[in-house]
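Worksheet for the structure shown next.
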Amino acid sequence: MLQRFGEYNPNPHFPHLPLILLFGILISVFVSLLVQQPTTQIIATIRYDNLTMPASSIRSIGVVTCSTRPTRVNPYITQHISELLADIIREVPGLRGAALETIDLEAQGLPLYDEPAVPAGLPADDPTPHYRAAHTRRWSAVVRAHDAFVFVTPQYNWSVPASLKNALDYLYHEWGGKPAAVVTYGSRGGGRAAAHLQQILTGLKMVVAGTAVPLSISMSDIDECLAEGALTRSVVERWAGEGGVTEALRSAAGEMGGQ
Ligand SMILES: Cc1cc2nc3c(=O)[nH]c(=O)nc-3n(C[C@H](O)[C@H](O)[C@H](O)COP(=O)(O)O)c2cc1C
């Protein structure tokens with residue numbers, strides 16, 4: 001028997017049941033959207049969980065000193081991080097046996113970006129000979145010689161120093177697919193720089209460890225380190241204690257090694 005449109009009702013005792021169910025579903029979807037936490041909320045530990053770390057073995061890790069100013073604490077911090085990493089990577093299967101090499105951006109002598117080409121448009125398998133400038137070809141070779149990178153950088157005005165952004169911009173395919181970890185320092189650990197840098201490295205198709213390592217250092221600490229020509233014992237002990245630098249570094253290294 002045919003029924004006219006609007007007359008069909010599968011449950012004559014609860015004529016509005018379908019409408020009530022639909023309304024209930026809409027309410028629950030709305031509530032779940034309201035309580036959902038955005039993943040980018042935590043500055044120092046932004047995670048890019050959609051990326052998986054490559055399982056290939058890493059033979060050489062570049063530890064990058066990113067500040068290029070004449071009076072800088074960056075080399076002392078890079079050295080300290082390298083010393084900690086030397087112990088840590090022995091415990092990480094994917095990194096065991098890897099060499100650690102310091103790369104000082106100051107020594108690269110890169111001018112403000114002066115290549116005519118867009119690096120992403122060059123041949124992916126061998127971009128190096130296609131750069132116009134000798135400094136770019138040299139920098140390309142340095143980056144190609146390493147399988148992973150730890151960037152040790154200060155925070156400058158809530159981001160990374162221009163020297164680092166410039167050095168990253170010079171190349172494209174050389175970075176792609178390689179694991180990277182971020183160590184930042186500033187009066188509150190440089191978490192804003194870490195967040196920016198993780199985003200930039202993700203744009204370069206690097207495989208970025210979600211765990212960043214933020215190191216807090218005051219202006220008076222910096223003056224003392226510069227006077228001493230090394231990190232002061234009080235800074236190192238504070239980072240080791242409340243800062244838990246080794247734990248954070250171990251976690252980042254574990255991600256780099258594919259754990
Ligand atoms: C241009 C500039 C911007 C800075 N911006 C910040 C900042 O945003 N947050 C912060 O905590 N410190 C900031 N500082 C202080 C640095 O943390 C401090 O100078 C540190 O020593 C810089 O590292 P470097 O000596 O290795 O260059 C800034 C320093 C400079 C030179």
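In the structure tokens, chains take letters A, B, ... by order of appearance, with residues numbered from 1 within each chain and ligands from 1 in the order shown.
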
For the contact check between chain A and ligand 1, emit one row per residue of chain A within 7 Å, containing the shortest atom pair and the distance in Å rounded to one decimal, counting only C-alpha atoms and all ligand atoms, chain then rising number order, as a Markdown table.
```
| residue | atom | partner | partner_atom_place_in_ligand_line | distance |
| --- | --- | --- | --- | --- |
| A:Ser67 | CA | ligand 1 | 27 (O) | 4.7 |
| A:Thr68 | CA | ligand 1 | 27 (O) | 6.7 |
| A:Arg69 | CA | ligand 1 | 27 (O) | 5.7 |
| A:Thr71 | CA | ligand 1 | 25 (O) | 6.1 |
| A:Arg72 | CA | ligand 1 | 25 (O) | 3.2 |
| A:Val73 | CA | ligand 1 | 26 (O) | 4.0 |
| A:Asn74 | CA | ligand 1 | 26 (O) | 3.6 |
| A:Pro154 | CA | ligand 1 | 23 (O) | 4.7 |
| A:Gln155 | CA | ligand 1 | 7 (C) | 4.9 |
| A:Tyr156 | CA | ligand 1 | 5 (N) | 3.4 |
| A:Asn157 | CA | ligand 1 | 8 (O) | 3.3 |
| A:Trp158 | CA | ligand 1 | 8 (O) | 4.2 |
| A:Ser159 | CA | ligand 1 | 8 (O) | 6.7 |
| A:Tyr185 | CA | ligand 1 | 17 (O) | 6.3 |
| A:Gly186 | CA | ligand 1 | 11 (O) | 3.5 |
| A:Ser187 | CA | ligand 1 | 11 (O) | 3.8 |
| A:Arg188 | CA | ligand 1 | 11 (O) | 5.6 |
| A:Gly189 | CA | ligand 1 | 11 (O) | 6.7 |
| A:Gly190 | CA | ligand 1 | 11 (O) | 5.8 |
| A:Met219 | CA | ligand 1 | 18 (C) | 6.6 |
| A:Ile222 | CA | ligand 1 | 21 (O) | 5.7 |
```

Got a sec: who's within 8 Å of range 75-80 of chain A, counting only C-alpha atoms, leaving out chain neighbours fewer than 2 positions off, as a PyMOL selection string? chain A and resi 63-65+72-73+82-84+102+152+229-231

All residues 8 Å or closer to range 179-183 of chain A, only C-alpha atoms, same chain fewer than 2 positions away omitted, as a list in words: Met53, Pro54, Asp147, Ala148, Phe149, Val150, Phe151, Val152, Thr153, Gly177, Tyr185, Ala194, Leu197, Gln198, Leu201, Met206, Val207, Val208, Ala209, Gly210, Thr211, Ala212, Val213, Pro214, Leu215, Ala252, Ala253 and Met256 of chain A

Residues from last step as file, N, CA and C atoms, as an mmCIF file, in the first residue's frame:
```
data_model
loop_
_atom_site.group_PDB
_atom_site.id
_atom_site.type_symbol
_atom_site.label_atom_id
_atom_site.label_comp_id
_atom_site.auth_asym_id
_atom_site.auth_seq_id
_atom_site.Cartn_x
_atom_site.Cartn_y
_atom_site.Cartn_z
ATOM 1 N N MET A 53 59.507 8.969 11.415
ATOM 2 C CA MET A 53 60.946 9.076 11.275
ATOM 3 C C MET A 53 61.467 7.980 10.345
ATOM 4 N N PRO A 54 62.432 8.285 9.481
ATOM 5 C CA PRO A 54 62.969 7.251 8.608
ATOM 6 C C PRO A 54 63.772 6.235 9.412
ATOM 7 N N ASP A 147 73.460 13.313 7.682
ATOM 8 C CA ASP A 147 72.186 12.580 7.567
ATOM 9 C C ASP A 147 71.105 13.133 8.494
ATOM 10 N N ALA A 148 71.508 13.930 9.481
ATOM 11 C CA ALA A 148 70.556 14.476 10.456
ATOM 12 C C ALA A 148 71.163 15.733 11.065
ATOM 13 N N PHE A 149 70.300 16.547 11.688
ATOM 14 C CA PHE A 149 70.787 17.820 12.227
ATOM 15 C C PHE A 149 70.165 18.131 13.587
ATOM 16 N N VAL A 150 70.986 18.725 14.442
ATOM 17 C CA VAL A 150 70.472 19.306 15.691
ATOM 18 C C VAL A 150 70.774 20.799 15.607
ATOM 19 N N PHE A 151 69.734 21.598 15.568
ATOM 20 C CA PHE A 151 69.918 23.046 15.478
ATOM 21 C C PHE A 151 69.932 23.625 16.886
ATOM 22 N N VAL A 152 71.042 24.286 17.236
ATOM 23 C CA VAL A 152 71.167 24.930 18.553
ATOM 24 C C VAL A 152 71.111 26.437 18.299
ATOM 25 N N THR A 153 70.016 27.054 18.694
ATOM 26 C CA THR A 153 69.812 28.447 18.281
ATOM 27 C C THR A 153 69.251 29.320 19.404
ATOM 28 N N GLY A 177 63.762 15.019 4.033
ATOM 29 C CA GLY A 177 63.738 13.643 4.529
ATOM 30 C C GLY A 177 64.694 13.376 5.679
ATOM 31 N N TYR A 185 67.562 28.565 23.172
ATOM 32 C CA TYR A 185 67.827 29.221 24.450
ATOM 33 C C TYR A 185 67.373 30.673 24.401
ATOM 34 N N ALA A 194 61.602 27.923 18.922
ATOM 35 C CA ALA A 194 61.492 26.476 18.657
ATOM 36 C C ALA A 194 60.267 26.188 17.793
ATOM 37 N N LEU A 197 60.882 27.398 14.271
ATOM 38 C CA LEU A 197 61.871 26.579 13.565
ATOM 39 C C LEU A 197 61.284 25.213 13.195
ATOM 40 N N GLN A 198 60.526 24.622 14.091
ATOM 41 C CA GLN A 198 59.925 23.324 13.765
ATOM 42 C C GLN A 198 59.023 23.440 12.541
ATOM 43 N N LEU A 201 61.304 23.872 9.367
ATOM 44 C CA LEU A 201 61.957 22.602 9.001
ATOM 45 C C LEU A 201 60.945 21.628 8.412
ATOM 46 N N MET A 206 61.804 18.219 6.314
ATOM 47 C CA MET A 206 62.643 17.474 7.264
ATOM 48 C C MET A 206 61.723 16.683 8.182
ATOM 49 N N VAL A 207 62.290 15.692 8.851
ATOM 50 C CA VAL A 207 61.502 14.869 9.773
ATOM 51 C C VAL A 207 61.822 15.379 11.178
ATOM 52 N N VAL A 208 60.938 16.215 11.684
ATOM 53 C CA VAL A 208 61.247 17.029 12.862
ATOM 54 C C VAL A 208 60.842 16.330 14.159
ATOM 55 N N ALA A 209 61.803 16.202 15.077
ATOM 56 C CA ALA A 209 61.460 15.629 16.389
ATOM 57 C C ALA A 209 60.476 16.560 17.080
ATOM 58 N N GLY A 210 59.420 16.003 17.619
ATOM 59 C CA GLY A 210 58.400 16.807 18.298
ATOM 60 C C GLY A 210 58.904 17.402 19.597
ATOM 61 N N THR A 211 59.863 16.734 20.204
ATOM 62 C CA THR A 211 60.399 17.238 21.469
ATOM 63 C C THR A 211 61.468 18.273 21.192
ATOM 64 N N ALA A 212 61.198 19.523 21.593
ATOM 65 C CA ALA A 212 62.211 20.564 21.510
ATOM 66 C C ALA A 212 62.892 20.668 22.875
ATOM 67 N N VAL A 213 64.097 21.218 22.890
ATOM 68 C CA VAL A 213 64.858 21.320 24.149
ATOM 69 C C VAL A 213 65.031 22.808 24.478
ATOM 70 N N PRO A 214 64.237 23.346 25.388
ATOM 71 C CA PRO A 214 64.340 24.773 25.721
ATOM 72 C C PRO A 214 65.265 25.002 26.918
ATOM 73 N N LEU A 215 66.235 25.908 26.757
ATOM 74 C CA LEU A 215 67.213 26.185 27.812
ATOM 75 C C LEU A 215 67.069 27.651 28.244
ATOM 76 N N ALA A 252 64.381 13.704 22.266
ATOM 77 C CA ALA A 252 64.506 14.206 20.884
ATOM 78 C C ALA A 252 65.388 13.269 20.060
ATOM 79 N N ALA A 253 66.490 12.805 20.659
ATOM 80 C CA ALA A 253 67.401 11.898 19.940
ATOM 81 C C ALA A 253 66.689 10.582 19.621
ATOM 82 N N MET A 256 64.685 11.124 16.633
ATOM 83 C CA MET A 256 65.538 11.191 15.432
ATOM 84 C C MET A 256 65.972 9.799 14.990
#
```

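Among A:Leu110, A:Ala167, A:Ile27, A:Leu95, the residue with the shortest atom-to-atom distance to His135 in chain A, counting only C-alpha atoms, is A:Leu110.
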
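Residue neighbourhood of Pro127 in chain A, excluding near-sequence residues (fewer than 4 positions): Ala117, Val118, Pro119, Ala120, Gly121, Leu122, Pro123, Tyr131, Arg132, Thr136, Arg137, Arg138, Trp139, Ser140, Ala141, Val143, Arg144, Tyr170, Leu171, Tyr172, His173, Glu174 and Trp175 of chain A, at 12 Å, using only C-alpha atoms.
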
Can those selected residues be exported to a file as a short mmCIF file (atom, residue, chain, number, x, y, z; two decimals), in the first residue's frame so that it contains C-alpha atoms?
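again27.cif written:
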```cif
data_model
loop_
_atom_site.label_atom_id
_atom_site.label_comp_id
_atom_site.auth_asym_id
_atom_site.auth_seq_id
_atom_site.Cartn_x
_atom_site.Cartn_y
_atom_site.Cartn_z
CA ALA A 117 67.17 30.13 -8.70
CA VAL A 118 64.48 28.81 -6.41
CA PRO A 119 66.22 25.86 -4.69
CA ALA A 120 63.11 23.67 -4.75
CA GLY A 121 63.11 23.93 -8.58
CA LEU A 122 66.60 22.43 -9.00
CA PRO A 123 67.19 18.72 -9.74
CA TYR A 131 73.94 26.97 -7.82
CA ARG A 132 75.57 30.10 -9.21
CA THR A 136 76.13 28.05 -2.02
CA ARG A 137 77.82 25.03 -3.63
CA ARG A 138 80.07 24.73 -0.56
CA TRP A 139 77.08 24.99 1.81
CA SER A 140 75.15 22.46 -0.26
CA ALA A 141 78.05 19.99 0.03
CA VAL A 143 74.56 19.79 4.30
CA ARG A 144 74.61 16.80 1.93
CA TYR A 170 69.71 28.67 0.51
CA LEU A 171 68.98 24.96 0.03
CA TYR A 172 65.94 22.70 -0.32
CA HIS A 173 66.50 19.11 -1.48
CA GLU A 174 69.60 18.85 0.74
CA TRP A 175 67.37 19.05 3.85
#
```

Choose the residue, out of A:Leu249, A:Val235, A:Ile61, A:Ala134, that has the smallest atom-to-atom separation from Gly109 in chain A; count only C-alpha atoms. A:Ala134

Take CA of Gly203 in chain A and CA of Val160 in chain A and report the distance between them in Å, one decimal. 15.1 Å

Straight-line distance linking CA of Ser163 in chain A with CA of Tyr113 in chain A, stated in Å to one decimal: 10.1 Å
